[in-house]
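Content type PDB, C-alpha atoms, from the file entry.pdb:
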```
ATOM      1  CA  MET A   1     208.715  30.348  79.016
ATOM      2  CA  GLY A   2     205.761  28.586  80.582
ATOM      3  CA  ARG A   3     202.458  30.150  81.559
ATOM      4  CA  PHE A   4     200.869  29.674  84.988
ATOM      5  CA  VAL A   5     197.130  29.046  84.541
ATOM      6  CA  TYR A   6     194.929  28.881  87.643
ATOM      7  CA  SER A   7     191.907  26.724  86.866
ATOM      8  CA  MET A   8     189.012  26.469  89.275
ATOM      9  CA  ASN A   9     185.301  25.766  89.599
ATOM     10  CA  VAL A  10     183.572  28.907  90.868
ATOM     11  CA  SER A  11     180.078  30.123  91.704
ATOM     12  CA  LEU A  12     178.728  33.281  90.057
ATOM     13  CA  ASP A  13     179.987  35.231  93.080
ATOM     14  CA  LEU A  14     183.488  33.722  92.656
ATOM     15  CA  ARG A  15     183.369  31.324  95.601
ATOM     16  CA  ILE A  16     185.295  28.047  95.366
ATOM     17  CA  GLU A  17     184.032  26.375  98.555
ATOM     18  CA  GLN A  18     180.718  26.726 100.293
ATOM     19  CA  VAL A  19     181.770  24.767 103.346
ATOM     20  CA  PRO A  20     185.388  24.840 104.550
ATOM     21  CA  GLY A  21     187.145  21.711 103.398
ATOM     22  CA  ASP A  22     184.635  20.646 100.732
ATOM     23  CA  ASN A  23     187.634  20.777  98.349
ATOM     24  CA  GLY A  24     185.692  21.157  95.143
ATOM     25  CA  ALA A  25     183.063  18.552  95.983
ATOM     26  CA  GLY A  26     180.172  20.817  96.910
ATOM     27  CA  GLU A  27     176.619  19.973  95.915
ATOM     28  CA  TRP A  28     176.453  23.279  94.034
ATOM     29  CA  LEU A  29     178.783  21.981  91.322
ATOM     30  CA  ARG A  30     177.272  20.745  88.035
ATOM     31  CA  ILE A  31     180.011  18.525  86.673
ATOM     32  CA  ASP A  32     178.613  16.184  84.042
ATOM     33  CA  GLU A  33     180.374  14.101  81.384
ATOM     34  CA  GLU A  34     180.622  16.984  78.914
ATOM     35  CA  LEU A  35     182.334  19.288  81.425
ATOM     36  CA  HIS A  36     184.527  16.511  82.806
ATOM     37  CA  ARG A  37     185.789  15.716  79.297
ATOM     38  CA  ALA A  38     186.682  19.402  78.870
ATOM     39  CA  PHE A  39     188.630  19.206  82.148
ATOM     40  CA  ASN A  40     190.359  16.063  80.865
ATOM     41  CA  ALA A  41     191.404  17.784  77.633
ATOM     42  CA  HIS A  42     192.767  20.768  79.567
ATOM     43  CA  ALA A  43     194.717  18.523  81.951
ATOM     44  CA  GLN A  44     196.101  16.433  79.087
ATOM     45  CA  ALA A  45     197.443  19.575  77.391
ATOM     46  CA  LEU A  46     199.387  20.740  80.454
ATOM     47  CA  ALA A  47     203.149  20.517  80.495
ATOM     48  CA  LEU A  48     203.071  20.335  84.285
ATOM     49  CA  MET A  49     200.704  20.632  87.264
ATOM     50  CA  VAL A  50     201.636  22.728  90.300
ATOM     51  CA  ASN A  51     199.483  22.273  93.395
ATOM     52  CA  GLY A  52     199.320  23.490  96.932
ATOM     53  CA  ARG A  53     199.287  20.802  99.618
ATOM     54  CA  VAL A  54     195.546  20.766 100.367
ATOM     55  CA  ILE A  55     194.390  20.314  96.783
ATOM     56  CA  TYR A  56     197.239  17.909  96.036
ATOM     57  CA  GLU A  57     196.296  15.674  98.964
ATOM     58  CA  THR A  58     192.636  15.739  97.898
ATOM     59  CA  MET A  59     193.610  14.619  94.399
ATOM     60  CA  GLU A  60     196.191  12.118  95.690
ATOM     61  CA  GLU A  61     193.616  10.411  97.877
ATOM     62  CA  TYR A  62     191.097   9.855  95.104
ATOM     63  CA  TRP A  63     192.516   9.755  91.575
ATOM     64  CA  PRO A  64     195.254   7.085  91.709
ATOM     65  CA  ARG A  65     192.670   4.533  92.887
ATOM     66  CA  GLY A  66     190.228   5.761  90.249
ATOM     67  CA  ARG A  67     192.334   4.348  87.414
ATOM     68  CA  ALA A  68     191.216   0.803  88.196
ATOM     69  CA  ASP A  69     187.767   1.520  89.650
ATOM     70  CA  ALA A  70     185.377  -0.190  87.223
ATOM     71  CA  SER A  71     182.411   1.516  88.904
ATOM     72  CA  LEU A  72     183.596   4.891  87.580
ATOM     73  CA  PRO A  73     182.613   6.057  84.091
ATOM     74  CA  ASP A  74     185.359   5.982  81.467
ATOM     75  CA  PHE A  75     185.841   9.780  81.447
ATOM     76  CA  MET A  76     186.630   9.735  85.175
ATOM     77  CA  ARG A  77     189.052   6.822  84.788
ATOM     78  CA  GLU A  78     190.638   8.767  81.934
ATOM     79  CA  PHE A  79     191.188  11.776  84.217
ATOM     80  CA  ALA A  80     192.647   9.468  86.854
ATOM     81  CA  GLU A  81     195.194   8.234  84.306
ATOM     82  CA  ILE A  82     196.042  11.783  83.227
ATOM     83  CA  TRP A  83     196.446  13.062  86.782
ATOM     84  CA  THR A  84     198.553  10.132  87.923
ATOM     85  CA  ALA A  85     200.924  10.241  84.933
ATOM     86  CA  LYS A  86     201.267  14.011  84.487
ATOM     87  CA  PRO A  87     204.459  15.587  85.925
ATOM     88  CA  LYS A  88     203.525  17.442  89.086
ATOM     89  CA  VAL A  89     205.040  19.824  91.605
ATOM     90  CA  LEU A  90     203.739  19.918  95.158
ATOM     91  CA  VAL A  91     204.349  23.192  96.982
ATOM     92  CA  SER A  92     204.537  22.351 100.662
ATOM     93  CA  ARG A  93     206.504  23.225 103.767
ATOM     94  CA  THR A  94     205.538  19.976 105.511
ATOM     95  CA  ARG A  95     205.614  17.160 102.947
ATOM     96  CA  ARG A  96     208.929  15.410 102.363
ATOM     97  CA  SER A  97     207.833  12.812  99.819
ATOM     98  CA  ALA A  98     205.162  12.313  97.186
ATOM     99  CA  ASP A  99     204.409   9.656  94.590
ATOM    100  CA  TYR A 100     202.805   9.778  91.148
ATOM    101  CA  ASN A 101     205.495  11.656  89.216
ATOM    102  CA  THR A 102     205.598  14.464  91.814
ATOM    103  CA  ARG A 103     208.488  16.557  93.066
ATOM    104  CA  ILE A 104     208.278  18.866  96.079
ATOM    105  CA  ILE A 105     209.141  22.548  96.313
ATOM    106  CA  GLY A 106     209.096  24.162  99.723
ATOM    107  CA  GLY A 107     210.744  26.690 101.963
ATOM    108  CA  ASP A 108     210.894  30.467 102.091
ATOM    109  CA  ASP A 109     212.035  30.717  98.466
ATOM    110  CA  ALA A 110     209.221  28.594  96.993
ATOM    111  CA  ILE A 111     207.935  31.461  94.814
ATOM    112  CA  ASP A 112     211.449  32.080  93.477
ATOM    113  CA  GLN A 113     211.717  28.364  92.694
ATOM    114  CA  LEU A 114     208.373  28.526  90.882
ATOM    115  CA  ALA A 115     209.545  31.572  88.892
ATOM    116  CA  ALA A 116     212.591  29.565  87.771
ATOM    117  CA  LEU A 117     210.352  26.591  86.928
ATOM    118  CA  ARG A 118     208.129  28.850  84.799
ATOM    119  CA  ALA A 119     211.191  30.216  82.979
ATOM    120  CA  GLU A 120     212.472  26.737  82.101
ATOM    121  CA  THR A 121     209.124  25.125  81.197
ATOM    122  CA  ASP A 122     207.704  25.091  77.703
ATOM    123  CA  GLY A 123     203.896  25.169  77.740
ATOM    124  CA  ILE A 124     201.040  25.598  80.161
ATOM    125  CA  ILE A 125     201.557  24.980  83.871
ATOM    126  CA  GLY A 126     198.303  24.232  85.662
ATOM    127  CA  VAL A 127     197.929  25.829  89.102
ATOM    128  CA  GLY A 128     195.707  24.229  91.736
ATOM    129  CA  GLY A 129     194.856  25.849  95.046
ATOM    130  CA  ALA A 130     193.720  29.328  96.070
ATOM    131  CA  THR A 131     196.605  29.966  98.456
ATOM    132  CA  LEU A 132     199.214  29.124  95.844
ATOM    133  CA  ALA A 133     197.387  31.075  93.103
ATOM    134  CA  THR A 134     197.184  34.130  95.367
ATOM    135  CA  GLN A 135     200.916  33.963  96.080
ATOM    136  CA  LEU A 136     201.685  33.707  92.354
ATOM    137  CA  LEU A 137     199.332  36.618  91.628
ATOM    138  CA  ARG A 138     201.028  38.788  94.260
ATOM    139  CA  ALA A 139     204.428  37.931  92.753
ATOM    140  CA  GLY A 140     203.279  38.872  89.237
ATOM    141  CA  LEU A 141     203.706  35.286  88.017
ATOM    142  CA  LEU A 142     200.099  34.237  87.375
ATOM    143  CA  ASP A 143     199.384  34.469  83.641
ATOM    144  CA  GLU A 144     195.832  33.211  83.130
ATOM    145  CA  LEU A 145     192.592  32.151  84.799
ATOM    146  CA  LEU A 146     190.456  29.271  83.545
ATOM    147  CA  LEU A 147     187.149  29.469  85.372
ATOM    148  CA  ALA A 148     184.282  26.991  85.156
ATOM    149  CA  THR A 149     181.429  29.138  86.466
ATOM    150  CA  HIS A 150     178.484  27.188  87.883
ATOM    151  CA  PRO A 151     175.033  28.824  87.841
ATOM    152  CA  THR A 152     174.643  29.407  91.540
ATOM    153  CA  ILE A 153     175.304  32.210  94.013
ATOM    154  CA  LEU A 154     176.701  30.898  97.273
ATOM    155  CA  GLY A 155     176.724  34.198  99.176
ATOM    156  CA  PHE A 156     179.509  33.004 101.449
ATOM    157  CA  GLY A 157     182.468  30.655 101.443
ATOM    158  CA  ARG A 158     186.049  30.726 100.290
ATOM    159  CA  PRO A 159     186.804  33.200  97.460
ATOM    160  CA  LEU A 160     188.763  32.552  94.274
ATOM    161  CA  PHE A 161     191.810  34.291  95.787
ATOM    162  CA  ASP A 162     192.741  34.291  99.470
ATOM    163  CA  ASP A 163     192.953  37.703 101.153
ATOM    164  CA  TYR A 164     193.287  39.652  97.928
ATOM    165  CA  ASP A 165     191.443  42.928  97.381
ATOM    166  CA  LEU A 166     193.144  44.728  94.488
ATOM    167  CA  PRO A 167     191.540  45.133  91.039
ATOM    168  CA  ILE A 168     192.779  42.800  88.321
ATOM    169  CA  ASP A 169     192.453  43.698  84.638
ATOM    170  CA  LEU A 170     191.594  40.658  82.485
ATOM    171  CA  GLU A 171     191.377  39.942  78.775
ATOM    172  CA  LEU A 172     188.887  37.310  77.626
ATOM    173  CA  LEU A 173     190.704  34.728  75.490
ATOM    174  CA  GLU A 174     188.080  32.019  75.156
ATOM    175  CA  GLN A 175     184.591  31.126  76.338
ATOM    176  CA  ARG A 176     182.416  28.053  76.124
ATOM    177  CA  SER A 177     178.986  27.024  77.400
ATOM    178  CA  PHE A 178     177.890  23.612  78.640
ATOM    179  CA  LYS A 179     174.454  21.966  78.745
ATOM    180  CA  GLN A 180     174.231  22.055  82.545
ATOM    181  CA  GLY A 181     174.458  25.856  82.498
ATOM    182  CA  VAL A 182     178.167  26.013  83.319
ATOM    183  CA  THR A 183     180.264  28.501  81.377
ATOM    184  CA  MET A 184     184.015  28.277  80.972
ATOM    185  CA  HIS A 185     186.054  31.441  80.512
ATOM    186  CA  ARG A 186     189.788  31.705  79.947
ATOM    187  CA  TYR A 187     191.291  35.088  80.766
ATOM    188  CA  ALA A 188     194.765  36.539  80.422
ATOM    189  CA  ILE A 189     195.819  38.593  83.434
ATOM    190  CA  ARG A 190     196.681  41.939  81.872
ATOM    191  CA  ASP A 191     197.363  44.132  84.852
ATOM    192  CA  VAL A 192     197.202  43.929  88.619
ATOM    193  CA  LYS A 193     196.373  47.353  90.025
ATOM    194  CA  GLU A 194     198.255  48.796  92.945
ATOM    195  CA  ALA A 195     196.451  49.957  96.057
ATOM    196  CA  GLY A 196     196.065  53.678  96.463
TER
END
```

Is it possible to give me this structure as structure tokens?
Amino acid sequence: MGRFVYSMNVSLDLRIEQVPGDNGAGEWLRIDEELHRAFNAHAQALALMVNGRVIYETMEEYWPRGRADASLPDFMREFAEIWTAKPKVLVSRTRRSADYNTRIIGGDDAIDQLAALRAETDGIIGVGGATLATQLLRAGLLDELLLATHPTILGFGRPLFDDYDLPIDLELLEQRSFKQGVTMHRYAIRDVKEAG
């Protein structure tokens, strides 16, 4: 069985966007070559990427062109190659087609389809997008978090999970520090507490 791993850049107060729609491109992020290469290695190791529509369309707009953009450093072109080639699933109610080795899952039973996908996949399934990650968490399907925590407190903005206020018990599996002050933590989701 596969494992759903939600990976995200976060501030110390677990915000993923400072301004609505910045889609991971905020000035608060400290993504240098060292961190980007770690992202590349993680992406390369995935069996599959599953993304919500917003994050998929952000990636789709930028990375396929990045493969041939000589102005980009080699580690960014490398990620562009990985993203474009990696098997992907787009979870969307509105999209009917997608390129770059992508299939679409949609409809009222999307979470059930993702549960079946997890059961039939061998390896790590990367999850992109707060809305999708929250739905998987609520369904008891989210297995791990991989958080790149940037040394800033935003104080406002979009949280790691959308509209979710229950305690989550985590087990630290791995941690790593980067020169720019970013820390990466991988956690297993041990238990999601019930309200009450």

_Contacts of Val182 (chain A) within 10 Å, only C-alpha atoms, excl. fewer than 2 positions in-chain, as JSON, numbers by chain_ = {"A": [9, 10, 11, 12, 29, 30, 31, 32, 35, 147, 148, 149, 150, 151, 152, 176, 177, 178, 179, 180, 184, 185]}

*Suppose you want the space between CA of Ser92 (chain A) and CA of Arg138 (chain A); what is it in Å?*
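Calculated distance between CA of Ser92 (chain A) and CA of Arg138 (chain A) is 18.0 Å.
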
*Please provide the set of residues having any atom within 10 Å of Pro87 (chain A), restricted to all atoms listed in the file, with same-chain residues fewer than 6 positions apart removed, written as an MDAnalysis selection string.*
chainID A and resid 46:50 100:103

Listed atoms of region 99-116 of chain A boxed axis-aligned with 5 Å per side, centre + edges as AutoDock Vina command-line options:
```
--center_x 207.7 --center_y 20.9 --center_z 94.9 --size_x 19.8 --size_y 32.4 --size_z 24.3
```

*Which one of A:Leu117, A:Ala43, A:Leu90, A:Leu154 sits closest to Ile104 (chain A) if you count all atoms listed in the file?*
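Of A:Leu117, A:Ala43, A:Leu90, A:Leu154, the one nearest Ile104 (chain A) is A:Leu90, counting all atoms listed in the file.
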
*Residues at most 8 Å from Arg77 (chain A), counting all atoms listed in the file, excluding those fewer than 6 positions away in the same chain, as a ChimeraX atom specification?*
/A:66-69

*Evaluate the PyMOL selection byres ((chain A and resi 64) around 9) on the structure here and hand back the selected residues as a list in words.*
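Checking the PyMOL selection byres ((chain A and resi 64) around 9) against this file, the residues are Met59, Glu60, Glu61, Tyr62, Trp63, Arg65, Gly66, Arg67, Ala68, Ala80, Glu81, Trp83, Thr84 and Tyr100 of chain A.
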
*Option closest in space to Lys88 (chain A), from A:Pro73, A:Gly123, A:Gly128, A:Gly107 [counting only C-alpha atoms]*: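 Nearest to Lys88 (chain A): A:Gly128.
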
*Find the residues near Ala116 (chain A): any atom within 12 Å, counting only C-alpha atoms, skip ones fewer than 3 places away on the same chain, and give them as a ChimeraX atom specification.*
/A:1-3,105,109-113,119-121,141

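Separating CA of Phe156 (chain A) from CA of Gln135 (chain A) is a distance of 22.1 Å.
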